[in-house]
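Novice: Hey, dropping coords.pdb in here, PDB, C-alpha atoms and all ligand atoms:
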```
ATOM      1  CA  MET A 447     104.465 -53.826  -1.077
ATOM      2  CA  TYR A 448     105.698 -52.401   2.247
ATOM      3  CA  HIS A 449     107.864 -49.853   0.486
ATOM      4  CA  HIS A 450     105.798 -46.900   1.437
ATOM      5  CA  LEU A 451     103.667 -45.540   4.197
ATOM      6  CA  PRO A 452     100.111 -44.577   3.490
ATOM      7  CA  ASP A 453     100.556 -40.894   2.886
ATOM      8  CA  GLY A 454      98.506 -37.908   3.748
ATOM      9  CA  ALA A 455      97.155 -36.437   6.919
ATOM     10  CA  ASN A 456      94.185 -38.850   6.931
ATOM     11  CA  PHE A 457      96.326 -41.840   7.852
ATOM     12  CA  TRP A 458      97.958 -40.023  10.761
ATOM     13  CA  SER A 459      94.606 -38.701  11.936
ATOM     14  CA  PHE A 460      93.316 -42.264  11.801
ATOM     15  CA  LEU A 461      96.196 -43.465  14.014
ATOM     16  CA  PHE A 462      95.598 -40.554  16.354
ATOM     17  CA  ALA A 463      91.948 -41.579  16.675
ATOM     18  CA  ILE A 464      93.061 -45.093  17.712
ATOM     19  CA  ASP A 465      95.407 -43.548  20.290
ATOM     20  CA  GLN A 466      92.500 -41.562  21.668
ATOM     21  CA  ASP A 467      90.475 -44.769  22.069
ATOM     22  CA  LEU A 468      93.375 -46.465  23.847
ATOM     23  CA  ALA A 469      93.762 -43.417  26.107
ATOM     24  CA  GLU A 470      90.043 -43.325  26.928
ATOM     25  CA  THR A 471      90.120 -47.002  27.924
ATOM     26  CA  ALA A 472      93.066 -46.314  30.248
ATOM     27  CA  ARG A 473      91.374 -43.230  31.712
ATOM     28  CA  LYS A 474      88.220 -45.195  32.535
ATOM     29  CA  GLN A 475      90.260 -47.820  34.366
ATOM     30  CA  GLY A 476      91.743 -45.108  36.559
ATOM     31  CA  CYS A 477      94.872 -45.279  38.658
ATOM     32  CA  PRO A 478      95.737 -48.545  40.437
ATOM     33  CA  CYS A 479      95.518 -46.555  43.718
ATOM     34  CA  GLY A 480      91.864 -45.779  43.028
ATOM     35  CA  GLY A 481      92.483 -42.169  42.069
ATOM     36  CA  ARG A 482      91.094 -40.479  39.028
ATOM     37  CA  LEU A 483      93.203 -39.710  36.003
ATOM     38  CA  HIS A 484      93.599 -36.238  34.620
ATOM     39  CA  ARG A 485      94.991 -35.451  31.252
ATOM     40  CA  ALA A 486      98.688 -34.540  31.358
ATOM     41  CA  ASN A 487      99.870 -34.948  27.793
ATOM     42  CA  SER A 488     103.558 -35.044  27.063
ATOM     43  CA  PRO A 489     104.616 -32.282  24.713
ATOM     44  CA  ARG A 490     106.590 -34.703  22.639
ATOM     45  CA  LYS A 491     106.722 -33.854  19.001
ATOM     46  CA  PRO A 492     107.078 -36.903  16.826
ATOM     47  CA  ARG A 493     109.539 -36.698  14.008
ATOM     48  CA  GLY A 494     109.286 -38.634  10.808
ATOM     49  CA  THR A 495     105.872 -37.522   9.670
ATOM     50  CA  PRO A 496     105.721 -37.040   5.940
ATOM     51  CA  VAL A 497     102.951 -34.524   6.444
ATOM     52  CA  GLN A 498     102.527 -31.523   8.664
ATOM     53  CA  LEU A 499     100.290 -32.632  11.514
ATOM     54  CA  PRO A 500      97.972 -30.345  13.423
ATOM     55  CA  GLU A 501      99.451 -29.486  16.834
ATOM     56  CA  PRO A 502      97.027 -31.595  18.962
ATOM     57  CA  GLU A 503      97.877 -34.737  16.991
ATOM     58  CA  ARG A 504     101.565 -34.520  17.797
ATOM     59  CA  VAL A 505     101.496 -35.032  21.539
ATOM     60  CA  ARG A 506     101.853 -38.286  23.393
ATOM     61  CA  LEU A 507      98.575 -38.782  25.269
ATOM     62  CA  SER A 508      99.193 -39.217  28.966
ATOM     63  CA  PHE A 509      97.492 -38.935  32.377
ATOM     64  CA  CYS A 510      98.282 -38.019  35.934
ATOM     65  CA  CYS A 511      96.605 -39.398  39.089
ATOM     66  CA  ASP A 512      94.701 -36.729  41.030
ATOM     67  CA  ARG A 513      95.246 -38.281  44.459
ATOM     68  CA  ASP A 514      97.674 -36.587  46.822
ATOM     69  CA  GLY A 515     100.521 -38.865  47.744
ATOM     70  CA  CYS A 516     100.210 -40.749  44.452
ATOM     71  CA  ARG A 517     100.237 -38.347  41.498
ATOM     72  CA  LYS A 518     101.444 -41.183  39.360
ATOM     73  CA  ARG A 519     101.849 -40.613  35.642
ATOM     74  CA  LEU A 520     100.126 -43.138  33.428
ATOM     75  CA  THR A 521     100.850 -43.351  29.737
ATOM     76  CA  PRO A 522      98.544 -45.567  27.673
ATOM     77  CA  PRO A 523      99.744 -47.638  24.702
ATOM     78  CA  SER A 524     100.125 -45.841  21.402
ATOM     79  CA  VAL A 525      99.982 -46.857  17.774
ATOM     80  CA  ARG A 526     101.929 -43.749  16.821
ATOM     81  CA  PHE A 527     104.919 -43.845  19.134
ATOM     82  CA  LEU A 528     107.194 -46.827  19.474
ATOM     83  CA  GLY A 529     108.886 -47.185  22.822
ATOM     84  CA  PRO A 530     110.902 -44.191  23.975
ATOM     85  CA  LYS A 531     111.484 -43.088  20.419
ATOM     86  CA  VAL A 532     110.565 -39.621  19.289
ATOM     87  CA  TYR A 533     110.000 -40.914  15.795
ATOM     88  CA  LEU A 534     106.657 -42.315  14.825
ATOM     89  CA  GLY A 535     106.373 -46.071  15.138
ATOM     90  CA  ALA A 536     105.547 -46.648  11.499
ATOM     91  CA  VAL A 537     108.770 -44.968  10.439
ATOM     92  CA  VAL A 538     110.897 -46.935  12.898
ATOM     93  CA  LEU A 539     109.345 -50.105  11.511
ATOM     94  CA  LEU A 540     109.640 -49.189   7.900
ATOM     95  CA  ILE A 541     113.234 -48.040   7.886
ATOM     96  CA  GLY A 542     114.217 -50.977  10.088
ATOM     97  CA  ALA A 543     112.667 -53.309   7.522
ATOM     98  CA  MET A 544     114.335 -51.554   4.634
ATOM     99  CA  ARG A 545     117.710 -52.199   6.229
ATOM    100  CA  GLN A 546     117.008 -55.892   5.775
ATOM    101  CA  GLY A 547     115.790 -55.461   2.260
ATOM    102  CA  PRO A 548     117.745 -55.312  -0.948
ATOM    103  CA  SER A 549     117.751 -51.605  -1.623
ATOM    104  CA  PRO A 550     120.234 -49.253   0.090
ATOM    105  CA  ARG A 551     119.170 -46.468  -2.235
ATOM    106  CA  ARG A 552     115.632 -46.713  -0.940
ATOM    107  CA  ILE A 553     116.881 -46.420   2.628
ATOM    108  CA  ARG A 554     118.751 -43.261   1.732
ATOM    109  CA  GLU A 555     115.609 -41.839   0.197
ATOM    110  CA  LEU A 556     113.505 -42.812   3.175
ATOM    111  CA  SER A 557     115.911 -41.464   5.739
ATOM    112  CA  GLN A 558     116.013 -38.179   3.865
ATOM    113  CA  LEU A 559     112.252 -38.084   3.587
ATOM    114  CA  PHE A 560     111.748 -38.696   7.312
ATOM    115  CA  GLY A 561     114.786 -36.811   8.517
ATOM    116  CA  ALA A 562     116.495 -39.726  10.258
ATOM    117  CA  ASP A 563     120.275 -39.603  10.205
ATOM    118  CA  ARG A 564     122.642 -42.554  10.033
ATOM    119  CA  ARG A 565     123.159 -42.690  13.785
ATOM    120  CA  THR A 566     119.413 -42.711  14.479
ATOM    121  CA  ILE A 567     118.940 -45.572  12.064
ATOM    122  CA  ALA A 568     121.815 -47.456  13.716
ATOM    123  CA  ARG A 569     120.019 -47.100  17.076
ATOM    124  CA  TRP A 570     116.842 -48.523  15.584
ATOM    125  CA  GLN A 571     118.811 -51.520  14.389
ATOM    126  CA  VAL A 572     120.104 -52.084  17.915
ATOM    127  CA  PHE A 573     116.521 -51.814  19.106
ATOM    128  CA  TRP A 574     115.218 -54.439  16.692
ATOM    129  CA  ARG A 575     118.146 -56.845  16.974
ATOM    130  CA  GLN A 576     119.013 -56.670  20.649
ATOM    131  CA  HIS A 577     116.230 -55.141  22.706
ATOM    132  CA  PHE A 578     113.044 -56.206  20.959
ATOM    133  CA  PRO A 579     113.772 -59.991  21.109
ATOM    134  CA  GLN A 580     114.356 -59.682  24.874
ATOM    135  CA  THR A 581     111.041 -58.040  25.683
ATOM    136  CA  PRO A 582     108.319 -59.968  27.533
ATOM    137  CA  PHE A 583     106.006 -58.750  24.765
ATOM    138  CA  TRP A 584     107.921 -60.548  22.036
ATOM    139  CA  LYS A 585     108.277 -63.701  24.109
ATOM    140  CA  ARG A 586     104.497 -63.930  24.240
ATOM    141  CA  ALA A 587     103.835 -62.643  20.735
ATOM    142  CA  ARG A 588     106.169 -65.001  18.924
ATOM    143  CA  ALA A 589     104.025 -67.975  19.933
ATOM    144  CA  LEU A 590     101.138 -66.384  18.053
ATOM    145  CA  LEU A 591     103.206 -65.660  14.993
ATOM    146  CA  ALA A 592     105.418 -68.711  14.699
ATOM    147  CA  PRO A 593     106.368 -70.018  12.250
ATOM    148  CA  VAL A 594     105.491 -66.919  10.235
ATOM    149  CA  VAL A 595     107.916 -64.616  11.956
ATOM    150  CA  ASP A 596     111.477 -65.446  12.935
ATOM    151  CA  VAL A 597     112.968 -62.843  15.236
ATOM    152  CA  ALA A 598     116.123 -62.717  13.146
ATOM    153  CA  THR A 599     114.047 -61.211  10.360
ATOM    154  CA  VAL A 600     112.162 -58.665  12.475
ATOM    155  CA  PRO A 601     110.916 -56.106  11.617
ATOM    156  CA  LEU A 602     110.822 -57.021   7.916
ATOM    157  CA  ALA A 603     108.935 -60.256   8.611
ATOM    158  CA  LEU A 604     106.368 -58.392  10.711
ATOM    159  CA  LEU A 605     105.619 -56.055   7.869
ATOM    160  CA  THR A 606     105.380 -58.910   5.435
ATOM    161  CA  ALA A 607     103.051 -60.853   7.730
ATOM    162  CA  PHE A 608     100.725 -57.928   8.366
ATOM    163  CA  LEU A 609     100.858 -56.128   5.054
ATOM    164  CA  SER A 610     100.825 -59.158   2.821
ATOM    165  CA  HIS A 611      97.598 -58.315   1.053
ATOM    166  CA  ARG A 612      97.896 -54.672   0.287
ATOM    167  CA  SER A 613      99.674 -51.666   1.603
ATOM    168  CA  HIS A 614      96.674 -50.072   3.137
ATOM    169  CA  GLY A 615      96.071 -47.852   6.131
ATOM    170  CA  GLU A 616      94.028 -50.525   7.881
ATOM    171  CA  ASP A 617      96.848 -53.065   7.666
ATOM    172  CA  TRP A 618      99.317 -50.576   9.058
ATOM    173  CA  ALA A 619      96.929 -49.826  11.884
ATOM    174  CA  ARG A 620      96.617 -53.549  12.706
ATOM    175  CA  LEU A 621     100.381 -53.953  12.815
ATOM    176  CA  LEU A 622     100.912 -50.858  14.947
ATOM    177  CA  ARG A 623      98.108 -51.881  17.269
ATOM    178  CA  PHE A 624      99.754 -55.279  17.631
ATOM    179  CA  LEU A 625     103.005 -53.582  18.668
ATOM    180  CA  ALA A 626     101.316 -51.011  20.910
ATOM    181  CA  PRO A 627     102.038 -52.910  24.180
ATOM    182  CA  ILE A 628     105.741 -52.209  23.796
ATOM    183  CA  THR A 629     105.065 -48.482  23.748
ATOM    184  CA  ILE A 630     104.137 -48.262  27.435
ATOM    185  CA  ALA A 631     106.385 -48.101  30.479
ATOM    186  CA  GLY A 632     107.550 -51.617  31.228
ATOM    187  CA  GLY A 633     106.734 -52.804  27.738
ATOM    188  CA  LEU A 634     110.379 -52.602  26.812
ATOM    189  CA  ARG A 635     111.565 -54.053  30.090
ATOM    190  CA  ILE A 636     114.217 -56.627  29.424
ATOM    191  CA  GLU A 637     113.966 -59.911  31.238
ATOM    192  CA  VAL A 638     117.209 -61.501  32.260
ATOM    193  CA  SER A 639     116.701 -65.217  32.172
ATOM    194  CA  SER A 640     118.928 -67.198  34.479
TER     195      SER A 640
HETATM  196 ZN    ZN A 701      97.089 -42.891  41.949
END
```
Can you present the structure in this file as structure tokens?
Specialist:
Amino acid sequence: MYHHLPDGANFWSFLFAIDQDLAETARKQGCPCGGRLHRANSPRKPRGTPVQLPEPERVRLSFCCDRDGCRKRLTPPSVRFLGPKVYLGAVVLLIGAMRQGPSPRRIRELSQLFGADRRTIARWQVFWRQHFPQTPFWKRARALLAPVVDVATVPLALLTAFLSHRSHGEDWARLLRFLAPITIAGGLRIEVSS
């Protein structure tokens, strides 16, 4: 069911188109200081794509304020990148979920396919188990998803909840869009509750 990503360049182009929409929305809002935003994309090449992407689709879309004294960088949410990770969000999700599933062989295949080594996968587990549950995003989101999703079973339960009907590009896009708020600065901020 969730055992594979939609393959082919079309899916990744589709996600890139969503990122462009998200970026355009952010650009129109402008900088909080009132300045205008200019494109200042990060030359970050995502790893974990099963297909060779055209160069423009690999960058993280980003802006810079044009006002002297501000020059703030603003990075809109993304359905392709997850948090500070260089790997594409879908891959971080999928391999994280496979760790909770029954098939170690599958994980080996996936990690080979996407070029993630054992240490990288271990970091993703730390992300899902320790950091993700502490984010303000999850604290709000879990109210929407309960009782469907228990944090102990994230990210497997997220995939199951969103991809329950068919493993289709649209479902993946919905899930990644849902998670997009954690891809921006502050989205992964950890709240320390007293
Ligand atoms: Zn500004």
Novice: Got a sec to check which residues sit within 8 Å of (105.3, -36.7, 24.9), counting only C-alpha atoms, and write them as a PyMOL selection string?
Specialist: chain A and resi 487-491+505-508
Novice: Produce a file of the selected residues containing C-alpha atoms, as a compact mmCIF listing (two decimals), in the coordinates of the input.
Specialist:
```
# COMPACT_ATOMS: atom_id res chain seq x y z
CA ASN A 487 99.87 -34.95 27.79
CA SER A 488 103.56 -35.04 27.06
CA PRO A 489 104.62 -32.28 24.71
CA ARG A 490 106.59 -34.70 22.64
CA LYS A 491 106.72 -33.85 19.00
CA VAL A 505 101.50 -35.03 21.54
CA ARG A 506 101.85 -38.29 23.39
CA LEU A 507 98.58 -38.78 25.27
CA SER A 508 99.19 -39.22 28.97
```
Novice: Please identify all protein, DNA and RNA residues within 7 Å of ligand ZN 701 (chain A), counting all atoms listed in the file, and report them as an MDAnalysis selection string.
Specialist: chainID A and resid 477:481 511:513 516:518
Novice: What are the centre and the three edge lengths of an axis-aligned box that wraps all atoms of stretch 523-529 of chain A in the file, given that 4 Å is added to every side, written as lines of an AutoDock Vina configuration file and rounded to one decimal in Å?
Specialist:
```
center_x = 104.3
center_y = -45.7
center_z = 20.8
size_x = 17.1
size_y = 11.9
size_z = 15.9
```
Novice: Here's a test: counting all atoms listed in the file, identify every protein, DNA and RNA residue with an atom at most 8 Å from (114.5, -58.2, 17.7) in the file's coordinate frame, and state them as a ChimeraX atom specification.
Specialist: /A:573-580,597-601
Novice: Since I can't run it myself right now, could you work out what the PyMOL selection byres (((chain A and resi 536-539) around 10) and not hetatm) selects here and report it as a PyMOL selection string?
Specialist: chain A and resi 450-452+493-496+525-528+531-535+540-544+556-557+560+562+566-567+570-571+573-574+600-602+604-605+618-619+621-622
Novice: Report, in Å with one decimal, the straight-line distance from atom CA of A:Asp465 to atom CA of A:Val572.
Specialist: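 The value is 26.2 Å.
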Novice: Please report the interatomic distance between atom CA of A:Arg564 and atom CA of A:Leu499 in Å with one decimal.
Specialist: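 One can read the atom CA of A:Arg564 to atom CA of A:Leu499 distance as 24.5 Å.
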Novice: What's the separation between atom CA of A:Gln498 and atom CA of A:Trp458, in Å to one decimal place?
Specialist: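 Distance reported for this atom pair: 9.9 Å.
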Novice: When you count only C-alpha atoms, which of these residues is closest to A:Ala603: A:Phe583, A:Arg552, A:Gln546, A:Arg623?
Specialist: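 So, comparing all the options, the nearest one is A:Gln546.
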Novice: Which is closest to A:Phe462 among A:Pro500, A:Pro582, A:Gly561, A:Gly515, if we use only C-alpha atoms?
Specialist: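 Of all the options, A:Pro500 lies closest to A:Phe462.
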